[in-house]
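Undergrad: Pasting coords_13.cif below, which is mmCIF, C-alpha atoms.
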data_structure
loop_
_atom_site.label_atom_id
_atom_site.label_comp_id
_atom_site.auth_asym_id
_atom_site.auth_seq_id
_atom_site.Cartn_x
_atom_site.Cartn_y
_atom_site.Cartn_z
CA GLY A 935 8.90 12.13 -20.00
CA LEU A 936 9.48 11.66 -16.29
CA THR A 937 12.91 10.84 -14.99
CA ALA A 938 13.53 7.79 -12.84
CA SER A 939 13.78 9.96 -9.72
CA ALA A 940 10.45 11.61 -10.57
CA VAL A 941 8.83 8.19 -10.98
CA ALA A 942 10.17 7.20 -7.56
CA ALA A 943 8.85 10.44 -6.03
CA TYR A 944 5.36 9.96 -7.46
CA ASN A 945 5.41 6.34 -6.34
CA ALA A 946 6.38 7.42 -2.82
CA LEU A 947 3.37 9.74 -2.73
CA LEU A 948 0.97 7.15 -4.14
CA VAL A 949 1.95 4.41 -1.69
CA SER A 950 1.80 6.76 1.32
CA PRO A 951 -1.63 5.37 2.37
CA TRP A 952 0.06 2.00 2.90
CA VAL A 953 2.62 3.28 5.37
CA VAL A 954 -0.10 4.39 7.80
CA LYS A 955 -2.19 1.22 7.45
CA ALA A 956 -1.66 0.35 11.12
CA LEU A 957 -3.86 3.32 11.99
CA TYR A 958 -6.76 1.95 9.95
CA ALA A 959 -7.01 -1.09 12.21
CA ILE A 960 -6.92 1.17 15.27
CA VAL A 961 -9.71 3.35 13.88
CA SER A 962 -11.91 0.38 12.94
CA ASP A 963 -11.39 -1.25 16.36
CA THR A 964 -12.25 1.88 18.33
CA MET A 965 -14.88 3.40 16.02
CA PRO A 966 -17.36 0.69 14.94
CA ILE A 967 -20.07 1.74 12.51
CA CYS A 968 -23.58 0.42 13.09
CA GLY A 969 -22.16 -2.00 15.63
CA ARG A 970 -19.63 -3.55 13.24
CA ARG A 971 -15.90 -3.07 12.95
CA ARG A 972 -15.07 -4.53 9.53
CA THR A 973 -18.03 -4.71 7.13
CA PRO A 974 -18.81 -0.94 6.99
CA TYR A 975 -15.17 -0.10 6.30
CA LEU A 976 -14.99 -2.73 3.56
CA CYS A 977 -18.12 -1.28 1.96
CA ALA A 978 -16.68 2.24 2.23
CA SER A 979 -13.44 1.13 0.58
CA ALA A 980 -15.43 -0.51 -2.24
CA LEU A 981 -17.26 2.77 -2.87
CA LEU A 982 -13.95 4.66 -2.80
CA PHE A 983 -12.57 2.18 -5.34
CA ALA A 984 -15.58 2.76 -7.57
CA ALA A 985 -15.33 6.56 -7.28
CA ALA A 986 -11.60 6.56 -8.05
CA TYR A 987 -11.74 4.15 -10.98
CA GLY A 988 -14.86 5.86 -12.31
CA THR A 989 -13.00 9.16 -12.32
CA LEU A 990 -9.98 7.65 -14.05
CA THR A 991 -12.16 6.24 -16.85
CA LEU A 992 -13.44 9.71 -17.77
CA PRO A 993 -11.98 11.37 -20.90
CA ALA A 994 -11.55 14.54 -18.85
CA THR A 995 -8.61 12.96 -17.02
CA VAL A 996 -6.50 12.90 -20.20
CA GLY A 997 -3.74 15.48 -19.89
CA GLN A 998 -4.61 16.17 -16.24
CA PRO A 999 -1.75 14.64 -14.21
CA LEU A 1000 -2.94 16.06 -10.89
CA LEU A 1001 -6.40 14.55 -11.36
CA VAL A 1002 -4.89 11.19 -12.32
CA CYS A 1003 -2.54 11.32 -9.34
CA ALA A 1004 -5.45 12.10 -7.00
CA GLY A 1005 -7.45 9.20 -8.42
CA LEU A 1006 -4.57 6.76 -8.02
CA LEU A 1007 -3.92 8.03 -4.49
CA LEU A 1008 -7.55 7.30 -3.65
CA VAL A 1009 -7.18 3.82 -5.17
CA HIS A 1010 -4.19 3.09 -2.94
CA PHE A 1011 -6.03 4.41 0.13
CA ALA A 1012 -9.05 2.19 -0.55
CA ALA A 1013 -6.78 -0.80 -1.21
CA ALA A 1014 -4.88 -0.27 2.06
CA VAL A 1015 -8.11 0.02 4.07
CA SER A 1016 -9.64 -3.10 2.54
CA ASP A 1017 -6.38 -5.02 3.00
CA VAL A 1018 -6.30 -4.18 6.70
CA MET A 1019 -9.96 -5.11 7.16
CA LEU A 1020 -9.50 -8.47 5.43
CA ASP A 1021 -6.38 -9.20 7.48
CA SER A 1022 -8.37 -8.39 10.61
CA VAL A 1023 -11.16 -10.75 9.57
CA VAL A 1024 -8.65 -13.55 8.96
CA ALA A 1025 -7.03 -12.88 12.35
CA GLU A 1026 -10.39 -13.01 14.11
CA ARG A 1027 -11.36 -16.25 12.36
CA THR A 1028 -7.96 -17.71 13.23
CA HIS A 1029 -8.44 -16.78 16.87
CA SER A 1030 -11.81 -18.54 17.03
CA GLN A 1031 -10.68 -21.51 14.90
CA PRO A 1032 -6.93 -21.91 15.53
CA GLN A 1033 -6.87 -25.34 13.89
CA LEU A 1034 -7.75 -23.66 10.58
CA ALA A 1035 -5.10 -20.92 10.77
CA THR A 1036 -2.83 -22.42 8.10
CA GLU A 1037 -5.72 -23.19 5.76
CA LEU A 1038 -7.14 -19.67 6.04
CA GLN A 1039 -3.80 -18.01 5.30
CA SER A 1040 -3.18 -20.37 2.38
CA LEU A 1041 -6.64 -19.66 0.98
CA VAL A 1042 -6.20 -15.89 1.12
CA LEU A 1043 -2.67 -15.83 -0.30
CA GLY A 1044 -3.44 -18.48 -2.91
CA PHE A 1045 -6.52 -16.68 -4.19
CA ALA A 1046 -4.61 -13.38 -4.32
CA GLY A 1047 -1.88 -15.10 -6.36
CA VAL A 1048 -4.40 -16.54 -8.82
CA VAL A 1049 -5.95 -13.12 -9.36
CA LYS A 1050 -2.54 -11.51 -9.91
CA VAL A 1051 -1.56 -14.15 -12.47
CA ALA A 1052 -4.85 -13.71 -14.32
CA ALA A 1053 -4.50 -9.92 -14.33
CA ALA A 1054 -0.89 -10.08 -15.58
CA THR A 1055 -1.94 -12.48 -18.34
CA PHE A 1056 -4.76 -10.44 -19.83
CA LYS A 1057 -4.09 -6.80 -18.99
CA GLY A 1058 -1.46 -6.36 -21.71
CA ALA A 1059 -3.78 -7.59 -24.46
CA LEU A 1060 -6.65 -5.49 -23.10
CA LEU A 1061 -4.42 -2.42 -22.95
CA ARG A 1062 -3.36 -2.83 -26.59
CA ALA A 1063 -6.89 -3.51 -27.75
CA ALA A 1064 -8.90 -0.92 -25.82
CA GLY A 1065 -6.51 1.49 -24.11
CA THR A 1066 -5.74 2.45 -20.54
CA ARG A 1067 -9.28 3.47 -19.59
CA SER A 1068 -10.50 -0.05 -20.34
CA LEU A 1069 -8.33 -1.34 -17.50
CA PHE A 1070 -9.86 1.21 -15.16
CA GLY A 1071 -13.31 0.13 -16.32
CA VAL A 1072 -12.61 -3.51 -15.48
CA ALA A 1073 -11.23 -2.46 -12.10
CA LEU A 1074 -14.41 -0.42 -11.50
CA ALA A 1075 -16.58 -3.48 -12.13
CA CYS A 1076 -14.42 -5.63 -9.85
CA SER A 1077 -14.50 -3.04 -7.06
CA LEU A 1078 -18.30 -3.14 -6.97
CA GLY A 1079 -18.01 -6.88 -6.38
CA LEU A 1080 -16.60 -6.08 -2.93
CA LEU A 1081 -20.02 -4.94 -1.73
CA PRO A 1082 -21.76 -8.35 -1.78
CA GLY A 1083 -18.50 -9.92 -0.61
CA ALA A 1084 -18.45 -7.71 2.48
CA ALA A 1085 -22.04 -8.64 3.30
CA TRP A 1086 -21.19 -12.34 2.86
CA LEU A 1087 -18.66 -12.15 5.71
CA GLY A 1088 -21.56 -12.32 8.14
CA GLU A 1089 -20.01 -10.09 10.79
CA ARG A 1090 -22.09 -9.98 13.95
CA ARG A 1091 -23.11 -6.76 15.62
CA LEU A 1092 -21.28 -5.87 18.80
CA PRO A 1093 -23.29 -6.34 22.01
CA ALA A 1094 -24.96 -3.09 23.00
CA GLY A 1095 -23.30 -2.99 26.40
CA GLU A 1096 -19.81 -3.98 25.33
CA ASP A 1097 -17.12 -1.72 26.75
CA ARG A 1098 -14.79 -0.21 24.22
CA CYS A 1099 -12.26 2.58 24.39
CA THR A 1100 -12.28 5.65 22.23
CA LEU A 1101 -9.69 6.40 19.57
CA GLY A 1102 -8.02 8.97 21.81
CA GLN A 1103 -7.81 6.55 24.72
CA ALA A 1104 -6.30 3.87 22.49
CA CYS A 1105 -3.64 6.25 21.18
CA CYS A 1106 -2.67 7.41 24.68
CA SER A 1107 -2.90 4.13 26.59
CA ASN A 1108 0.23 2.50 27.98
CA ALA A 1109 -1.53 -0.18 29.98
CA ALA A 1110 -1.80 -2.93 27.38
CA SER A 1111 0.95 -5.51 27.03
CA GLY A 1112 1.12 -4.68 23.34
CA ALA A 1113 1.71 -0.97 23.97
CA PRO A 1114 5.30 -0.99 22.55
CA ILE A 1115 4.09 -2.44 19.23
CA PHE A 1116 1.21 0.01 19.21
CA ARG A 1117 3.62 2.90 19.75
CA LEU A 1118 5.85 1.56 16.98
CA ALA A 1119 2.89 1.45 14.58
CA GLN A 1120 2.07 5.07 15.38
CA PHE A 1121 5.68 6.18 14.93
CA LEU A 1122 6.17 4.31 11.64
CA SER A 1123 2.94 5.75 10.28
CA LEU A 1124 4.09 9.29 11.09
CA VAL A 1125 7.60 8.83 9.66
CA GLY A 1126 6.33 7.05 6.55
CA ALA A 1127 3.77 9.71 5.70
CA ALA A 1128 6.23 12.55 6.32
CA SER A 1129 8.91 10.86 4.21
CA ALA A 1130 6.56 10.21 1.29
CA CYS A 1131 5.41 13.84 1.24
CA GLY A 1132 8.94 15.16 1.70
CA ILE A 1133 10.41 13.12 -1.16
CA PHE A 1134 7.61 14.22 -3.46
CA LEU A 1135 7.96 17.91 -2.59
CA ILE A 1136 11.76 18.26 -2.93
CA ASP A 1137 12.39 15.87 -5.81
CA ASP A 1138 13.47 18.79 -8.03
CA VAL A 1139 16.93 18.87 -6.39
CA TRP A 1140 19.31 15.93 -6.63
CA TRP A 1141 20.02 15.84 -2.90
CA GLY A 1142 16.34 16.01 -1.91
CA PRO A 1143 15.30 12.32 -1.81
CA PRO A 1144 18.52 11.14 -0.08
CA ALA A 1145 18.22 13.96 2.47
CA VAL A 1146 14.75 12.70 3.41
CA ALA A 1147 15.29 8.96 3.03
CA ALA A 1148 18.54 8.59 5.01
CA PRO A 1149 17.23 10.06 8.30
CA ALA A 1150 13.96 8.17 7.84
CA VAL A 1151 15.81 4.85 7.51
CA LEU A 1152 17.84 5.55 10.64
CA LEU A 1153 14.76 6.61 12.61
CA ILE A 1154 12.81 3.51 11.58
CA CYS A 1155 15.64 1.15 12.49
CA ALA A 1156 16.10 2.87 15.85
CA ALA A 1157 12.36 2.77 16.55
CA CYS A 1158 12.13 -0.93 15.70
CA TRP A 1159 14.98 -1.70 18.09
CA HIS A 1160 13.60 0.53 20.86
CA TYR A 1161 9.97 -0.63 20.77
CA GLU A 1162 10.19 -4.18 19.48
CA GLY A 1163 13.27 -4.84 21.56
CA GLN A 1164 11.07 -4.51 24.63
CA VAL A 1165 9.08 -7.49 23.38
CA SER A 1166 11.85 -9.55 21.79
CA PRO A 1167 15.33 -8.53 20.55
CA THR A 1168 15.11 -11.33 17.98
CA LEU A 1169 11.86 -9.89 16.63
CA ALA A 1170 13.48 -6.44 16.44
CA ARG A 1171 16.48 -7.73 14.49
CA ALA A 1172 14.21 -9.62 12.08
CA SER A 1173 12.09 -6.52 11.48
CA ILE A 1174 15.13 -4.33 10.85
CA PHE A 1175 16.57 -6.85 8.40
CA THR A 1176 13.27 -7.14 6.53
CA PHE A 1177 12.89 -3.37 6.37
CA LEU A 1178 16.43 -2.75 5.13
CA SER A 1179 16.23 -5.53 2.52
CA GLY A 1180 13.21 -3.78 1.00
CA ALA A 1181 14.36 -0.19 1.49
CA LEU A 1182 17.77 -0.69 -0.13
CA GLN A 1183 16.44 -2.53 -3.20
CA PRO A 1184 15.35 -0.23 -6.07
CA GLN A 1185 11.89 -0.89 -7.42
CA LEU A 1186 11.68 -2.64 -10.76
CA ILE A 1187 9.93 0.28 -12.47
CA VAL A 1188 12.76 2.63 -11.38
CA LEU A 1189 15.43 0.24 -12.68
CA PHE A 1190 13.56 0.01 -15.96
CA LYS A 1191 13.48 3.79 -16.23
CA PHE A 1192 17.22 4.00 -15.54
CA TYR A 1193 17.86 1.55 -18.38
CA LYS A 1194 15.70 3.55 -20.78
CA GLU A 1195 17.90 6.59 -20.21
CA THR A 1196 21.19 4.85 -21.08
CA ASP A 1197 23.05 4.83 -24.38
CA ASP A 1198 22.77 1.03 -24.40
CA ASN A 1199 19.06 1.49 -25.05
CA CYS A 1200 18.83 4.77 -26.94
CA SER A 1201 21.94 4.28 -29.12
CA PRO A 1202 22.90 0.58 -28.98
CA ALA A 1203 25.97 -0.55 -30.91
CA GLU A 1204 24.02 -3.50 -32.33
CA PRO A 1205 20.27 -2.86 -32.24
CA ILE A 1206 18.09 -5.90 -31.63
CA PRO A 1207 15.09 -5.89 -34.00
CA GLY A 1208 11.85 -5.58 -32.09
CA LEU A 1209 13.59 -4.48 -28.88
CA HIS A 1210 15.60 -1.31 -29.50
CA PRO A 1211 15.02 1.38 -28.93
CA LEU A 1212 12.68 1.41 -25.99
CA PRO A 1213 11.09 4.85 -25.53
CA CYS A 1214 13.87 7.16 -24.35
CA PHE A 1215 13.22 9.47 -21.41
CA SER A 1216 15.07 12.63 -20.65
CA SER A 1217 17.31 12.56 -17.60
CA GLU A 1218 17.31 16.34 -17.34
#
Hey, can you dump this file as structure tokens for me?

TA:
Amino acid sequence: GLTASAVAAYNALLVSPWVVKALYAIVSDTMPICGRRRTPYLCASALLFAAAYGTLTLPATVGQPLLVCAGLLLVHFAAAVSDVMLDSVVAERTHSQPQLATELQSLVLGFAGVVKVAAATFKGALLRAAGTRSLFGVALACSLGLLPGAAWLGERRLPAGEDRCTLGQACCSNAASGAPIFRLAQFLSLVGAASACGIFLIDDVWWGPPAVAAPAVLLICAACWHYEGQVSPTLARASIFTFLSGALQPQLIVLFKFYKETDDNCSPAEPIPGLHPLPCFSSE
């Protein structure tokens, strides 16, 4: 029985790989594998998916929250890496075929929406019929499908004599016109990772998450204005608005947990058959 704040803390830890996703693109651009920048990283993320979901399907994970948390953290890391690689592929295709930019974005987002609708439609029935591990098993099979998909991209090898900077040079360079955005990506990655770890570690005190989140929000807003403002003040204001609109809105799962802990759910004046009570969680 986790409290709503504990759920939020675990979620902050699990999504921490997403807050440093800008660094994955930097690594793949500066450290190609076998002459390719995208395909090897997509294949590696597929294998990480398979390893994580394979671990989560094992009976040994039952009653082992740390093992489950590690597996889910690995899932999020693999998902963030593959998401960045696919975005990079779309950006490269858009650069070479600008007339197809809208169609490519629509194809990617549309297909992702279809998959999400299909998963939401069938996962509940599968969960009731075969249990949680069955969902992990399906995800394991789907993750292996990334391997032929990565090969199908047809990425060309980099020319042997092509000049490219190292990771260290990229992180320290100030020469490029996009240096302010690059610096912002580095800063946001650092603040996001530190905040996620901090919220998870001091969740046992009521003031812990606010003490970490409030300075992080101020730092991120200030960084967006400082770095993006050098490029465009309008872009900086739009980024700050988008960030605050997401940061100040509680996640649905946390709101649901808050409702479960109220008397309206646990001791309703007029119970609704088939609805009340939802499983009650301790708020201690």

Undergrad: Of the residues A:His1160, A:Lys1050, A:His1010, A:Arg1027, which is the one nearest to Leu948 in chain A, using only C-alpha atoms?

TA: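 That would be A:His1010, the residue with the smallest distance to Leu948 in chain A.
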
Undergrad: Point out the residue among A:Thr1055, A:Ser1129, A:Ser1077, A:Ser1173 with the least atom-to-atom distance to Ala986 in chain A, counting all atoms listed in the file.

TA: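 Residue with the minimum atom-to-atom distance to Ala986 in chain A: A:Ser1077.
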
Undergrad: For Arg1091 in chain A, please output as a short mmCIF file (atom, residue, chain, number, x, y, z; two decimals) with C-alpha atoms, keeping the file's coordinate frame all residues within 10 Å (counting only C-alpha atoms; exclusion window: fewer than 4 positions along the same chain).

TA:
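Wrote it out as result-v5.cif, contents follow:
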data_model
loop_
_atom_site.label_atom_id
_atom_site.label_comp_id
_atom_site.auth_asym_id
_atom_site.auth_seq_id
_atom_site.Cartn_x
_atom_site.Cartn_y
_atom_site.Cartn_z
CA PRO A 966 -17.36 0.69 14.94
CA ILE A 967 -20.07 1.74 12.51
CA CYS A 968 -23.58 0.42 13.09
CA GLY A 969 -22.16 -2.00 15.63
CA ARG A 970 -19.63 -3.55 13.24
CA ARG A 971 -15.90 -3.07 12.95
#

Undergrad: Using all atoms of range 1009-1026 of chain A listed in the file and a margin of 5 Å per side, can you give the axis-aligned box centre and edge lengths in Å to one decimal, as lines of an AutoDock Vina configuration file?

TA:
center_x = -7.7
center_y = -4.6
center_z = 4.5
size_x = 17.0
size_y = 28.0
size_z = 29.3

Undergrad: Would you kindly return, as a list of chain:residue names, each protein, DNA or RNA residue with an atom no farther than 12 Å from any atom of Val1002 in chain A, considering only C-alpha atoms and excluding same-chain residues fewer than 3 positions away?

TA: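 Listing them by chain and then by number gives A:Tyr944, A:Leu948, A:Ala986, A:Tyr987, A:Gly988, A:Thr989, A:Leu990, A:Thr991, A:Leu992, A:Pro993, A:Ala994, A:Thr995, A:Val996, A:Gly997, A:Gln998, A:Pro999, A:Gly1005, A:Leu1006, A:Leu1007, A:Leu1008, A:Val1009, A:Arg1067, A:Phe1070.
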
Undergrad: Using all atoms listed in the file for the distances, tell me which of A:Val1125, A:Leu1087, A:Ala1145, A:Ala1150 is nearest to Leu1020 in chain A.

TA: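 Ranking A:Val1125, A:Leu1087, A:Ala1145, A:Ala1150 by distance to Leu1020 in chain A, first place goes to A:Leu1087.
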
Undergrad: Just to confirm, what's the straight-line distance from CA of Gly1044 in chain A to CA of Ile1115 in chain A in Å (one decimal)?

TA: 28.4 Å

Undergrad: Need the shell around Pro1114 in chain A: protein/DNA/RNA residues with any atom at most 9 Å away, counting all atoms listed in the file. Skip same-chain ones fewer than 6 positions apart. Format as JSON, numbers by chain?

TA: {"A": [1108, 1160, 1161, 1162, 1163, 1164, 1165]}

Undergrad: Quick one: residues within 12 Å of Ala1147 in chain A, all atoms listed in the file, excluding same-chain residues fewer than 5 positions away - as a ChimeraX atom specification?

TA: /A:942-943,946,1125-1134,1136-1137,1141-1142,1152-1154,1178,1181-1182

Undergrad: Hey, can you check how far CA of Trp952 in chain A sits from CA of Gly1180 in chain A?

TA: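 So the answer is 14.5 Å.
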
Undergrad: Quick one: everything within 10 Å of Asp1017 in chain A, counting all atoms listed in the file, minus sequence neighbours fewer than 3 positions away in the same chain. Send it as a ChimeraX atom specification.

TA: /A:952,955,958,976,979,1011-1014,1020-1023

Undergrad: Rank A:Leu981, A:Val1024, A:Leu1074, A:Leu1069 by their smallest atom-to-atom distance to Val1042 in chain A, using all atoms listed in the file, and report the top residue only.

TA: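 Using all atoms listed in the file, the shortest distance to Val1042 in chain A belongs to A:Val1024.
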
Undergrad: Using CA of Trp1159 in chain A and CA of Leu1124 in chain A as the two end points, give the distance in Å to one decimal.

TA: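 CA of Trp1159 in chain A sits 17.0 Å away from CA of Leu1124 in chain A.
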
Undergrad: Would you mind telling me which residue in A:Gln1120, A:Ala985, A:Gly1071, A:Phe1177 lies nearest to Val961 in chain A when using all atoms listed in the file?

TA: A:Gln1120

Undergrad: With distances taken over all atoms listed in the file, which residue among A:Ala1059, A:Leu1000, A:Cys977, A:Leu1092 lies nearest Thr964 in chain A?

TA: A:Leu1092

Undergrad: Given the file shown, enumerate the residues that the PyMOL selection byres ((chain A and resi 1081) around 12) captures and present them as number ranges by chain.

TA: A: 973-984, 1016, 1075-1080, 1082-1087
